[in-house]
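S.K.: upload00.cif is reproduced in full below (mmCIF, C-alpha atoms).
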```cif
data_protein
#
loop_
_atom_site.label_atom_id
_atom_site.label_comp_id
_atom_site.auth_asym_id
_atom_site.auth_seq_id
_atom_site.Cartn_x
_atom_site.Cartn_y
_atom_site.Cartn_z
CA MET J 12 91.92 324.63 34.03
CA THR J 13 93.28 322.27 31.36
CA ARG J 14 95.05 318.97 31.83
CA GLY J 15 97.73 317.23 29.77
CA LEU J 16 98.80 313.59 29.62
CA ILE J 17 102.33 312.45 28.68
CA LEU J 18 103.01 308.79 27.88
CA GLU J 19 106.50 307.31 27.53
CA GLY J 20 107.14 304.30 25.31
CA GLY J 21 109.13 301.19 26.16
CA ALA J 22 107.67 298.19 24.30
CA MET J 23 106.20 295.75 26.84
CA ARG J 24 107.01 298.09 29.71
CA GLY J 25 103.84 299.66 28.36
CA MET J 26 101.88 297.15 30.44
CA PHE J 27 102.67 299.46 33.35
CA THR J 28 101.07 302.32 31.43
CA CYS J 29 98.02 300.15 30.70
CA GLY J 30 97.52 299.62 34.42
CA VAL J 31 97.82 303.33 35.19
CA LEU J 32 95.43 304.37 32.42
CA ASP J 33 92.84 301.78 33.41
CA VAL J 34 92.78 303.26 36.92
CA PHE J 35 92.43 306.74 35.44
CA MET J 36 89.40 305.59 33.46
CA GLU J 37 87.85 303.78 36.42
CA GLU J 38 88.28 306.90 38.55
CA ASN J 39 86.96 309.24 35.83
CA ILE J 40 90.20 311.21 35.65
CA HIS J 41 89.96 313.23 32.47
CA PHE J 42 92.54 315.08 30.39
CA ASP J 43 92.07 317.65 27.67
CA ALA J 44 95.01 316.65 25.49
CA GLY J 45 98.04 314.42 25.53
CA ALA J 46 100.75 312.69 23.55
CA GLY J 47 102.20 309.19 23.43
CA ILE J 48 105.34 307.74 21.94
CA SER J 49 105.69 304.17 20.66
CA ALA J 50 104.02 301.86 23.21
CA GLY J 51 102.68 304.96 24.95
CA ALA J 52 100.83 305.75 21.72
CA LEU J 53 99.60 302.21 21.10
CA PHE J 54 98.21 301.74 24.59
CA GLY J 55 97.21 305.38 25.02
CA ILE J 56 94.57 305.18 22.32
CA ASN J 57 92.53 302.91 24.59
CA TYR J 58 92.19 305.82 27.02
CA LYS J 59 90.48 307.90 24.33
CA SER J 60 88.27 304.99 23.26
CA LYS J 61 87.45 304.33 26.94
CA GLN J 62 88.21 300.60 26.69
CA ILE J 63 89.29 299.58 30.16
CA GLY J 64 91.39 296.41 30.14
CA ARG J 65 91.70 296.15 26.37
CA GLY J 66 95.46 296.73 26.11
CA VAL J 67 96.49 294.09 28.60
CA ARG J 68 93.77 291.70 27.42
CA TYR J 69 94.79 291.40 23.78
CA THR J 70 98.51 291.52 24.60
CA LYS J 71 98.23 288.58 26.99
CA LYS J 72 95.97 286.63 24.66
CA TYR J 73 98.09 286.95 21.52
CA CYS J 74 101.63 287.46 22.83
CA LYS J 75 102.61 283.87 21.92
CA ASP J 76 101.16 284.09 18.41
CA TRP J 77 104.02 284.39 15.91
CA ARG J 78 101.97 286.93 13.96
CA PHE J 79 102.00 289.26 16.96
CA CYS J 80 105.73 289.41 17.67
CA SER J 81 108.45 286.96 16.63
CA PHE J 82 111.60 286.52 14.58
CA LYS J 83 109.45 284.46 12.24
CA SER J 84 107.38 287.58 11.65
CA LEU J 85 110.56 289.61 11.12
CA ILE J 86 111.82 287.15 8.50
CA LYS J 87 108.49 286.73 6.72
CA THR J 88 107.24 290.33 6.81
CA GLY J 89 110.17 292.59 7.67
CA ASP J 90 108.58 293.60 10.99
CA LEU J 91 109.20 292.03 14.39
CA TYR J 92 105.69 293.07 15.40
CA GLY J 93 103.45 291.89 12.58
CA VAL J 94 101.77 294.87 10.96
CA ASP J 95 98.73 293.09 9.53
CA PHE J 96 98.02 291.18 12.71
CA CYS J 97 98.72 293.95 15.25
CA TYR J 98 97.24 296.89 13.40
CA HIS J 99 94.40 295.28 11.48
CA THR J 100 93.41 291.75 12.54
CA ILE J 101 93.35 292.48 16.28
CA PRO J 102 91.58 295.88 16.27
CA ASP J 103 89.26 295.06 13.37
CA GLU J 104 88.32 291.45 14.18
CA LEU J 105 89.71 289.81 17.32
CA ASP J 106 89.44 292.58 19.94
CA PRO J 107 87.61 295.44 18.24
CA PHE J 108 88.80 298.97 18.78
CA ASP J 109 85.86 301.29 19.53
CA ARG J 110 86.35 303.90 16.82
CA GLU J 111 82.99 305.56 17.41
CA THR J 112 83.80 306.32 21.04
CA PHE J 113 87.31 307.32 20.02
CA LYS J 114 85.93 309.88 17.54
CA ALA J 115 83.34 311.22 19.98
CA ASP J 116 85.64 311.67 22.97
CA PRO J 117 86.94 315.27 23.27
CA PHE J 118 90.42 314.22 24.47
CA GLU J 119 92.96 315.36 21.86
CA PHE J 120 95.59 312.66 21.42
CA TYR J 121 98.83 313.07 19.48
CA VAL J 122 101.40 310.45 18.53
CA GLY J 123 105.02 311.20 17.70
CA ALA J 124 107.26 309.56 15.10
CA THR J 125 110.78 310.28 13.86
CA ASN J 126 111.14 311.90 10.43
CA LEU J 127 114.12 310.08 8.93
CA GLU J 128 114.72 312.80 6.38
CA ASN J 129 115.63 315.50 8.92
CA GLY J 130 115.96 313.81 12.31
CA GLU J 131 113.04 315.64 13.88
CA VAL J 132 110.00 314.31 15.69
CA VAL J 133 106.65 314.87 13.97
CA PHE J 134 103.38 314.77 15.90
CA HIS J 135 100.08 313.70 14.41
CA LYS J 136 96.67 314.31 15.96
CA CYS J 137 94.61 311.12 15.92
CA THR J 138 90.99 311.93 15.13
CA ASP J 139 89.07 308.84 14.06
CA GLY J 140 91.21 305.72 14.56
CA GLY J 141 91.04 305.11 10.81
CA PRO J 142 93.74 304.00 8.36
CA ASN J 143 95.73 307.24 8.51
CA ASP J 144 95.80 307.27 12.31
CA VAL J 145 96.78 303.60 12.29
CA SER J 146 99.73 304.29 10.00
CA TRP J 147 100.96 306.97 12.39
CA LEU J 148 100.57 304.63 15.37
CA GLN J 149 102.56 302.01 13.48
CA ALA J 150 105.24 304.56 12.65
CA SER J 151 105.51 305.73 16.26
CA ALA J 152 106.15 302.14 17.42
CA SER J 153 108.34 300.89 14.54
CA MET J 154 111.59 300.06 16.31
CA PRO J 155 114.82 300.59 14.33
CA ALA J 156 116.47 297.53 12.76
CA VAL J 157 113.43 295.29 13.32
CA SER J 158 110.78 297.30 11.46
CA ARG J 159 110.26 298.59 7.96
CA PHE J 160 110.13 302.32 7.40
CA VAL J 161 106.59 303.72 7.42
CA HIS J 162 105.52 306.08 4.65
CA VAL J 163 102.56 308.30 5.50
CA ASP J 164 101.52 311.87 4.67
CA GLY J 165 104.71 312.43 2.67
CA TYR J 166 107.02 311.40 5.54
CA THR J 167 109.38 308.46 5.97
CA LEU J 168 109.05 307.53 9.64
CA LEU J 169 110.29 305.30 12.44
CA ASP J 170 109.95 305.03 16.21
CA GLY J 171 109.27 308.36 17.89
CA GLY J 172 111.48 307.28 20.79
CA ILE J 173 114.60 307.80 18.67
CA ILE J 174 114.23 311.56 19.08
CA CYS J 175 111.56 312.06 21.73
CA PRO J 176 111.12 309.15 24.16
CA ILE J 177 109.05 311.29 26.55
CA PRO J 178 106.93 313.97 24.85
CA TYR J 179 106.74 316.37 27.79
CA GLU J 180 107.93 319.43 25.84
CA PHE J 181 105.32 318.90 23.15
CA VAL J 182 102.50 318.64 25.69
CA GLU J 183 103.80 321.68 27.55
CA GLY J 184 103.74 323.53 24.24
CA LEU J 185 99.99 322.94 23.99
CA GLY J 186 99.58 325.46 26.80
CA LEU J 187 97.92 323.14 29.32
CA ASP J 188 97.80 324.06 33.02
CA LYS J 189 98.32 320.70 34.71
CA ASN J 190 100.42 317.95 33.15
CA VAL J 191 100.75 314.32 34.23
CA ALA J 192 103.48 312.01 32.92
CA VAL J 193 103.38 308.22 33.00
CA LEU J 194 106.93 306.86 32.72
CA THR J 195 108.06 303.26 32.37
CA GLN J 196 111.44 303.45 34.11
CA PRO J 197 112.07 304.02 37.83
CA GLU J 198 113.41 307.30 39.16
CA THR J 199 116.94 305.91 39.59
CA TYR J 200 117.22 304.62 36.01
CA VAL J 201 120.16 305.84 33.94
CA LYS J 202 120.29 304.92 30.26
CA HIS J 203 123.63 303.67 28.92
CA LYS J 204 125.13 303.73 25.46
CA THR J 205 123.66 301.11 23.16
CA LYS J 206 125.67 298.02 22.30
CA ALA J 207 123.81 297.70 19.01
CA GLY J 208 125.45 300.66 17.30
CA LEU J 209 126.73 298.63 14.35
CA ILE J 210 123.31 297.05 13.84
CA TYR J 211 121.66 300.46 13.76
CA LYS J 212 124.29 301.85 11.39
CA THR J 213 123.62 298.98 9.01
CA ALA J 214 119.84 299.22 9.27
CA LEU J 215 119.92 303.01 8.86
CA ARG J 216 122.67 303.19 6.25
CA LYS J 217 120.46 305.41 4.08
CA TYR J 218 120.07 307.77 7.04
CA PRO J 219 123.51 308.06 8.72
CA ASP J 220 122.47 311.11 10.73
CA ILE J 221 119.73 309.06 12.41
CA ALA J 222 122.27 306.34 13.24
CA LYS J 223 124.42 309.01 14.93
CA ILE J 224 121.42 310.15 16.95
CA MET J 225 120.82 306.55 18.01
CA ASP J 226 124.43 306.36 19.15
CA ASN J 227 123.92 309.36 21.44
CA ARG J 228 120.37 308.56 22.50
CA HIS J 229 121.38 307.61 26.04
CA ASN J 230 122.64 311.14 26.77
CA HIS J 231 119.50 312.72 25.35
CA TYR J 232 117.26 310.42 27.40
CA ASN J 233 119.14 311.15 30.62
CA GLU J 234 118.87 314.89 29.95
CA MET J 235 115.13 314.54 29.47
CA THR J 236 114.59 312.63 32.70
CA ALA J 237 116.70 315.19 34.58
CA ALA J 238 114.51 317.99 33.22
CA ILE J 239 111.39 316.05 34.19
CA LYS J 240 112.67 315.62 37.75
CA GLU J 241 113.24 319.39 37.98
CA ARG J 242 109.68 320.08 36.86
CA GLU J 243 108.38 317.47 39.28
CA ALA J 244 110.28 318.99 42.21
CA ALA J 245 108.94 322.42 41.33
CA GLY J 246 105.36 321.16 41.29
CA LYS J 247 105.01 321.83 37.56
CA LEU J 248 104.55 318.18 36.60
CA PHE J 249 103.03 315.14 38.28
CA VAL J 250 104.87 311.91 37.50
CA ILE J 251 103.78 308.30 37.96
CA ARG J 252 106.63 305.86 37.41
CA PRO J 253 107.51 302.30 38.50
CA PRO J 254 108.91 302.13 42.04
CA GLU J 255 111.57 299.74 40.75
CA ALA J 256 112.83 298.31 37.47
CA LEU J 257 110.02 296.41 35.78
CA GLY J 258 112.28 293.52 34.77
CA ILE J 259 110.29 292.71 31.66
CA LYS J 260 111.66 291.95 28.20
CA ARG J 261 110.87 294.34 25.36
CA THR J 262 109.31 291.40 23.51
CA GLU J 263 107.90 289.60 26.55
CA ASN J 264 105.54 286.74 25.63
CA ASN J 265 104.83 285.35 29.09
CA PRO J 266 101.24 286.33 30.01
CA ASP J 267 102.05 286.09 33.72
CA GLU J 268 104.85 288.64 33.35
CA LEU J 269 102.61 290.94 31.37
CA GLU J 270 99.95 290.70 34.07
CA ARG J 271 102.54 291.32 36.80
CA VAL J 272 103.69 294.59 35.22
CA TYR J 273 100.10 295.64 34.49
CA GLN J 274 99.24 295.13 38.16
CA MET J 275 102.30 297.18 39.17
CA GLY J 276 100.88 300.04 37.10
CA ARG J 277 97.48 299.70 38.75
CA SER J 278 99.02 299.53 42.21
CA GLU J 279 101.17 302.61 41.71
CA ALA J 280 98.29 304.60 40.24
CA LEU J 281 96.01 303.69 43.14
CA LYS J 282 98.71 304.54 45.67
CA ARG J 283 99.27 307.97 44.10
CA LEU J 284 95.59 308.66 43.46
CA PRO J 285 94.98 311.05 46.41
CA GLU J 286 98.06 313.11 45.47
CA LEU J 287 97.04 313.13 41.83
CA LYS J 288 93.52 314.35 42.55
CA GLU J 289 94.87 317.10 44.79
CA TYR J 290 97.38 318.18 42.12
CA LEU J 291 94.70 318.32 39.44
CA ALA J 292 92.26 320.18 41.67
CA ASN J 293 94.58 323.04 42.72
#
```
Hey, can you dump this file as structure tokens for me?

M.R.:
Amino acid sequence: MTRGLILEGGAMRGMFTCGVLDVFMEENIHFDAGAGISAGALFGINYKSKQIGRGVRYTKKYCKDWRFCSFKSLIKTGDLYGVDFCYHTIPDELDPFDRETFKADPFEFYVGATNLENGEVVFHKCTDGGPNDVSWLQASASMPAVSRFVHVDGYTLLDGGIICPIPYEFVEGLGLDKNVAVLTQPETYVKHKTKAGLIYKTALRKYPDIAKIMDNRHNHYNEMTAAIKEREAAGKLFVIRPPEALGIKRTENNPDELERVYQMGRSEALKRLPELKEYLAN
């Protein structure tokens, strides 16, 4: 029997995901393969490197540092989330990412990013946590209008959530028997049309088709969550999601709020643990 893991993005809503994944690691819940989008990718790598607590730890410690996330960073570097600080200084120096464990762990982890040239999502298998993997992680989490385009492996990429906010179809396509999704919105959430359409059109003026996709992203998201609910009701997918809206800003820099959402993730995972173990066992 094989197991798949599906991780939604959502910027700092990802603290919920961190809490869930830390419980999975503490309880020795293993998966064979999985995929993450945006924050789901950035925090999901800690599951493969087996670093319990790392995601919430460095986020709380550096969330007020302008190099981590700030308009100062956006003005100085072109990225709201500072690339050098987030993708190099933190994992290489301040809170080291365990690349050796990452490489040795058999869990196959994919990250998805949007190909701006054709409007399709591209998935990359992370193998060693090295520079190429890091570029794909950056691409997956590079939010439109506040991030530079990422060029890697011949692609021009941005946030995977533009096309595929929840990579359940990709994971299903891997042929796994039991799939578990960690979402960052409650069951009752309905996404509405963005009010930033003009901003996206300006930022994506070289890629007008992507701007049109952004304009219709709310409908696509709602269709995806409806399909997920159908799979969940049929027993084909196990879903862990917040019991209520997380109420956290996408760029939250209050450590107490980050901790609160992290603890919500832990609490929900612990509450659902008996059901999860039964689902995975049968």

S.K.: Find the residues near Glu180 (chain J): any atom within 12 Å, counting all atoms listed in the file, skip ones fewer than 3 places away on the same chain, and give them as a PDB file with C-alpha atoms, in the coordinates of the input.

M.R.:
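Once written, around-v9.pdb looks like this:
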```
ATOM      1  CA  GLY J  15      97.730 317.230  29.770  1.00  0.00           C
ATOM      2  CA  LEU J  16      98.800 313.590  29.620  1.00  0.00           C
ATOM      3  CA  ILE J  17     102.330 312.450  28.680  1.00  0.00           C
ATOM      4  CA  LEU J  18     103.010 308.790  27.880  1.00  0.00           C
ATOM      5  CA  GLY J  45      98.040 314.420  25.530  1.00  0.00           C
ATOM      6  CA  ALA J  46     100.750 312.690  23.550  1.00  0.00           C
ATOM      7  CA  GLY J  47     102.200 309.190  23.430  1.00  0.00           C
ATOM      8  CA  GLY J 123     105.020 311.200  17.700  1.00  0.00           C
ATOM      9  CA  VAL J 132     110.000 314.310  15.690  1.00  0.00           C
ATOM     10  CA  PHE J 134     103.380 314.770  15.900  1.00  0.00           C
ATOM     11  CA  CYS J 175     111.560 312.060  21.730  1.00  0.00           C
ATOM     12  CA  PRO J 176     111.120 309.150  24.160  1.00  0.00           C
ATOM     13  CA  ILE J 177     109.050 311.290  26.550  1.00  0.00           C
ATOM     14  CA  GLU J 183     103.800 321.680  27.550  1.00  0.00           C
ATOM     15  CA  GLY J 184     103.740 323.530  24.240  1.00  0.00           C
ATOM     16  CA  LEU J 185      99.990 322.940  23.990  1.00  0.00           C
ATOM     17  CA  GLY J 186      99.580 325.460  26.800  1.00  0.00           C
ATOM     18  CA  LEU J 187      97.920 323.140  29.320  1.00  0.00           C
ATOM     19  CA  ASN J 190     100.420 317.950  33.150  1.00  0.00           C
ATOM     20  CA  ALA J 192     103.480 312.010  32.920  1.00  0.00           C
ATOM     21  CA  MET J 235     115.130 314.540  29.470  1.00  0.00           C
ATOM     22  CA  THR J 236     114.590 312.630  32.700  1.00  0.00           C
ATOM     23  CA  ALA J 238     114.510 317.990  33.220  1.00  0.00           C
ATOM     24  CA  ILE J 239     111.390 316.050  34.190  1.00  0.00           C
ATOM     25  CA  ARG J 242     109.680 320.080  36.860  1.00  0.00           C
ATOM     26  CA  LEU J 248     104.550 318.180  36.600  1.00  0.00           C
TER      27      LEU J 248
END
```

S.K.: Quote the spacing between CA of Ala52 (chain J) and CA of Val122 (chain J) in Å to one decimal place.

M.R.: 5.7 Å

S.K.: Run the PyMOL selection byres ((chain J and resi 253-258) around 12) against the file shown and list the residues it catches, as a VMD selection string.

M.R.: chain J and resid 21 to 28 30 to 31 192 to 201 250 to 252 259 to 263 268 to 280 282 to 283

S.K.: When the PyMOL selection byres ((chain J and resi 174) around 12) is applied to the structure above, which residues does it catch, written out as a short mmCIF file (atom, residue, chain, number, x, y, z; two decimals) with C-alpha atoms, keeping the file's coordinate frame?

M.R.:
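Final output, selection_32.cif:
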```cif
data_model
loop_
_atom_site.label_atom_id
_atom_site.label_comp_id
_atom_site.auth_asym_id
_atom_site.auth_seq_id
_atom_site.Cartn_x
_atom_site.Cartn_y
_atom_site.Cartn_z
CA GLY J 20 107.14 304.30 25.31
CA ILE J 48 105.34 307.74 21.94
CA SER J 49 105.69 304.17 20.66
CA GLY J 123 105.02 311.20 17.70
CA ALA J 124 107.26 309.56 15.10
CA THR J 125 110.78 310.28 13.86
CA ASN J 126 111.14 311.90 10.43
CA LEU J 127 114.12 310.08 8.93
CA ASN J 129 115.63 315.50 8.92
CA GLY J 130 115.96 313.81 12.31
CA GLU J 131 113.04 315.64 13.88
CA VAL J 132 110.00 314.31 15.69
CA VAL J 133 106.65 314.87 13.97
CA PHE J 134 103.38 314.77 15.90
CA SER J 151 105.51 305.73 16.26
CA PRO J 155 114.82 300.59 14.33
CA LEU J 168 109.05 307.53 9.64
CA LEU J 169 110.29 305.30 12.44
CA ASP J 170 109.95 305.03 16.21
CA GLY J 171 109.27 308.36 17.89
CA GLY J 172 111.48 307.28 20.79
CA ILE J 173 114.60 307.80 18.67
CA CYS J 175 111.56 312.06 21.73
CA PRO J 176 111.12 309.15 24.16
CA ILE J 177 109.05 311.29 26.55
CA PRO J 178 106.93 313.97 24.85
CA ASP J 220 122.47 311.11 10.73
CA ILE J 221 119.73 309.06 12.41
CA ALA J 222 122.27 306.34 13.24
CA LYS J 223 124.42 309.01 14.93
CA ILE J 224 121.42 310.15 16.95
CA MET J 225 120.82 306.55 18.01
CA ASP J 226 124.43 306.36 19.15
CA ASN J 227 123.92 309.36 21.44
CA ARG J 228 120.37 308.56 22.50
CA HIS J 229 121.38 307.61 26.04
CA ASN J 230 122.64 311.14 26.77
CA HIS J 231 119.50 312.72 25.35
CA TYR J 232 117.26 310.42 27.40
CA MET J 235 115.13 314.54 29.47
#
```

S.K.: List the residues selected by the PyMOL selection byres ((chain J and resi 82-89) around 12) in the file shown, writing them as a list in words.

M.R.: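 Selected by the PyMOL selection byres ((chain J and resi 82-89) around 12) here: Lys75, Asp76, Trp77, Arg78, Phe79, Cys80, Ser81, Asp90, Leu91, Tyr92, Gly93, Val94, Asp95, Phe96, Cys97, Ser153, Met154, Pro155, Ala156, Val157, Ser158, Arg159, Phe160, Val161, Ala214 and Thr262 of chain J.
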
S.K.: Quote the spacing between CA of Asn143 (chain J) and CA of His41 (chain J) in Å to one decimal place.

M.R.: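 These atoms are spaced 25.4 Å apart.
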
S.K.: For Glu289 (chain J), list every protein, DNA or RNA residue within 12 Å, evaluated using only C-alpha atoms, and leave out those in the same chain fewer than 3 positions away; present the list as an MDAnalysis selection string.

M.R.: chainID J and resid 40 189 246 249 283:286 292:293

S.K.: Provide the CA of Leu281 (chain J) to CA of Met36 (chain J) distance in Å, to one decimal place.

M.R.: 11.9 Å

S.K.: Between J:Arg14, J:Phe181, J:Leu105, J:Glu19, which has the minimum distance to Tyr73 (chain J) (counting all atoms listed in the file)?

M.R.: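 Smallest distance to Tyr73 (chain J) is found for J:Leu105.
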
S.K.: Could you give me region 57-67 of chain J completed to all heavy atoms, formatted as a compact mmCIF listing (two decimals), keeping the file's coordinate frame?

M.R.:
```
# COMPACT_ATOMS: atom_id res chain seq x y z
N ASN J 57 93.62 303.55 23.86
CA ASN J 57 92.53 302.91 24.59
C ASN J 57 91.94 303.83 25.66
O ASN J 57 90.80 303.62 26.09
CB ASN J 57 93.01 301.61 25.23
CG ASN J 57 93.42 300.58 24.21
OD1 ASN J 57 92.63 300.20 23.35
ND2 ASN J 57 94.68 300.15 24.26
N TYR J 58 92.72 304.84 26.07
CA TYR J 58 92.19 305.82 27.02
C TYR J 58 91.15 306.69 26.32
O TYR J 58 90.09 306.99 26.89
CB TYR J 58 93.33 306.67 27.58
CG TYR J 58 92.85 307.81 28.45
CD1 TYR J 58 92.50 307.61 29.78
CD2 TYR J 58 92.73 309.09 27.92
CE1 TYR J 58 92.04 308.65 30.57
CE2 TYR J 58 92.28 310.14 28.70
CZ TYR J 58 91.94 309.92 30.01
OH TYR J 58 91.48 310.96 30.79
N LYS J 59 91.42 307.07 25.08
CA LYS J 59 90.48 307.90 24.33
C LYS J 59 89.25 307.11 23.88
O LYS J 59 88.15 307.66 23.77
CB LYS J 59 91.18 308.53 23.13
CG LYS J 59 90.30 309.47 22.30
CD LYS J 59 91.14 310.21 21.25
CE LYS J 59 90.28 310.93 20.22
NZ LYS J 59 89.38 311.94 20.81
N SER J 60 89.43 305.82 23.64
CA SER J 60 88.27 304.99 23.26
C SER J 60 87.55 304.41 24.48
O SER J 60 86.58 303.67 24.33
CB SER J 60 88.71 303.85 22.32
OG SER J 60 89.54 302.92 23.00
N LYS J 61 88.07 304.71 25.67
CA LYS J 61 87.45 304.33 26.94
C LYS J 61 87.28 302.81 27.09
O LYS J 61 86.28 302.33 27.61
CB LYS J 61 86.10 305.03 27.12
CG LYS J 61 86.17 306.55 27.07
CD LYS J 61 84.82 307.18 27.34
CE LYS J 61 84.86 308.70 27.20
NZ LYS J 61 85.85 309.34 28.07
N GLN J 62 88.29 302.06 26.64
CA GLN J 62 88.21 300.60 26.69
C GLN J 62 89.10 300.05 27.80
O GLN J 62 90.24 299.65 27.57
CB GLN J 62 88.57 300.01 25.33
CG GLN J 62 87.49 300.30 24.28
CD GLN J 62 87.82 299.78 22.91
OE1 GLN J 62 88.52 300.44 22.14
NE2 GLN J 62 87.32 298.59 22.59
N ILE J 63 88.55 300.06 28.99
CA ILE J 63 89.29 299.58 30.16
C ILE J 63 89.66 298.11 29.97
O ILE J 63 88.82 297.28 29.62
CB ILE J 63 88.44 299.74 31.44
CG1 ILE J 63 88.14 301.22 31.69
CG2 ILE J 63 89.14 299.12 32.64
CD1 ILE J 63 87.14 301.46 32.81
N GLY J 64 90.92 297.78 30.20
CA GLY J 64 91.39 296.41 30.14
C GLY J 64 91.75 295.90 28.76
O GLY J 64 92.31 294.80 28.63
N ARG J 65 91.48 296.67 27.72
CA ARG J 65 91.70 296.15 26.37
C ARG J 65 93.18 295.90 26.08
O ARG J 65 93.56 294.87 25.53
CB ARG J 65 91.12 297.11 25.32
CG ARG J 65 91.34 296.63 23.89
CD ARG J 65 90.66 297.52 22.86
NE ARG J 65 90.92 297.00 21.53
CZ ARG J 65 91.95 297.36 20.77
NH1 ARG J 65 92.81 298.27 21.23
NH2 ARG J 65 92.13 296.82 19.58
N GLY J 66 94.04 296.85 26.43
CA GLY J 66 95.46 296.73 26.11
C GLY J 66 96.10 295.50 26.69
O GLY J 66 96.80 294.75 25.99
N VAL J 67 95.88 295.26 27.97
CA VAL J 67 96.49 294.09 28.60
C VAL J 67 95.81 292.81 28.13
O VAL J 67 96.44 291.76 28.02
CB VAL J 67 96.46 294.22 30.14
CG1 VAL J 67 95.04 294.16 30.69
CG2 VAL J 67 97.33 293.15 30.78
```
